[in-house]
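Participant: I am attaching a structure below and will ask some questions about it afterwards.
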Amino acid sequence: GKKFKALLDTGTTKTVVDKKVVAALGITPDEKAKTLEFHGIGQKKQSAYQQQFSQFIIGSEQITQPVFAVADLWANAREDQKALATRITTADEAAIILGMDFLQNYRVLIAASQHKVYLSYVGAPK
């Protein structure tokens with residue numbers, strides 16, 4: 001596995017992985033994958049496709065066969081000078097944005113003084 005930076009975003013419904021991550025992992029995009037549009041960072045809608053991964057590990061949590069959206073996460077931010085994210089340098093860009101589809105399954109504790117995030121699985125909503 002490889003390590004990537006993640007951003008917790010309660011304002012987005014979908015978890016989105018940057019397309020550079022998919023390339024770095026050597027995953028070939030599924031040409032038959034379902035496509036979708038979403039509002040990312042910035043003013044314009046972005047297109048994405050669904051990709052299944054073999055596993056996703058965050059801390060001690062391991063998820064097998066997750067399906068996440070894949071897109072160029074920072075494309076709009078690079079174009080939209082009004083977006084807050086334009087202040088983020090390329091080196092600081094998160095590789096994955098964990099949206100509410102992921103976060104709703106966890107109790108999340110952000111311990112800023114420890115520079116840690118604790119996740120406790122509570123199950124999928126009914």
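A note on labels: chains of the structure tokens are A, B, ... as shown, every chain counts residues from 1, and ligands are counted from 1 in their shown order.
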Quick one: residues within 8 Å of Arg107 of chain A, only C-alpha atoms, excluding same-chain residues fewer than 3 positions away - as a VMD selection string?
Facilitator: chain A and resid 103 to 104 119 to 122
Participant: Write out the residues from the selection above, keeping C-alpha atoms, as an mmCIF file, in the first residue's frame.
Facilitator:
data_model
loop_
_atom_site.group_PDB
_atom_site.id
_atom_site.type_symbol
_atom_site.label_atom_id
_atom_site.label_comp_id
_atom_site.auth_asym_id
_atom_site.auth_seq_id
_atom_site.Cartn_x
_atom_site.Cartn_y
_atom_site.Cartn_z
ATOM 1 C CA LEU A 103 -17.962 9.717 7.580
ATOM 2 C CA GLN A 104 -21.601 8.850 8.409
ATOM 3 C CA LEU A 119 -12.397 6.839 14.029
ATOM 4 C CA SER A 120 -14.810 4.434 15.652
ATOM 5 C CA TYR A 121 -17.062 2.410 13.359
ATOM 6 C CA VAL A 122 -20.729 2.754 14.306
#
Participant: Might you pull out every residue within 12 Å of segment 50-56 of chain A, with only C-alpha atoms counted and same-chain residues fewer than 3 positions away left off, and present them as a ChimeraX atom specification?
Facilitator: /A:1-4,6,14-19,21-22,25-37,47,59-71,96,98,102
Participant: Could you give me, as a short mmCIF file (atom, residue, chain, number, x, y, z; two decimals) with N, CA and C atoms, in the first residue's frame, the residues within 9 Å of Lys5 of chain A, counting only C-alpha atoms and dropping anything in the same chain fewer than 4 positions from it?
Facilitator:
data_model
loop_
_atom_site.label_atom_id
_atom_site.label_comp_id
_atom_site.auth_asym_id
_atom_site.auth_seq_id
_atom_site.Cartn_x
_atom_site.Cartn_y
_atom_site.Cartn_z
N ASP A 92 0.63 20.39 -0.72
CA ASP A 92 -0.32 20.23 0.38
C ASP A 92 -1.66 19.66 -0.05
N GLU A 93 -1.86 19.44 -1.34
CA GLU A 93 -3.15 18.97 -1.82
C GLU A 93 -3.45 17.57 -1.29
N ALA A 94 -4.65 17.42 -0.76
CA ALA A 94 -5.07 16.09 -0.31
C ALA A 94 -5.28 15.20 -1.52
N ALA A 95 -5.01 13.93 -1.35
CA ALA A 95 -5.18 12.96 -2.42
C ALA A 95 -6.57 12.34 -2.41
N ILE A 96 -7.24 12.46 -1.27
CA ILE A 96 -8.59 11.91 -1.13
C ILE A 96 -9.39 12.83 -0.21
N ILE A 97 -10.63 13.07 -0.58
CA ILE A 97 -11.54 13.83 0.28
C ILE A 97 -12.56 12.83 0.80
#
Participant: Just asking: which residues within chain A are alpha helix (DSSP H) according to DSSP, as a list in words?
Facilitator: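 The alpha helix (DSSP H) residues within chain A come out as Lys19, Lys20, Val21, Val22, Ala23, Ala24, Ala75, Asn76, Ala77, Arg78, Glu79, Met100, Asp101, Phe102 and Leu103 of chain A.
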Participant: Could the residues in this selection be saved with C-alpha atoms as a compact mmCIF listing (two decimals), in the first residue's frame?
Facilitator:
# COMPACT_ATOMS: atom_id res chain seq x y z
CA LYS A 19 -7.01 10.72 -10.34
CA LYS A 20 -3.25 11.01 -9.65
CA VAL A 21 -3.69 8.45 -6.85
CA VAL A 22 -5.28 5.98 -9.24
CA ALA A 23 -2.36 6.44 -11.64
CA ALA A 24 0.20 6.10 -8.80
CA ALA A 75 -8.81 21.30 -11.13
CA ASN A 76 -11.43 23.92 -10.22
CA ALA A 77 -9.34 25.36 -7.39
CA ARG A 78 -6.46 25.93 -9.77
CA GLU A 79 -8.82 27.80 -12.13
CA MET A 100 -20.29 12.08 4.30
CA ASP A 101 -20.84 8.75 2.51
CA PHE A 102 -17.76 7.58 4.44
CA LEU A 103 -17.96 9.72 7.58
Participant: Using only C-alpha atoms, which of A:Ser113, A:Tyr106, A:Gly99, A:Asp72 sits nearest Thr12 of chain A?
Facilitator: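 Closest residue, counting only C-alpha atoms: A:Gly99.
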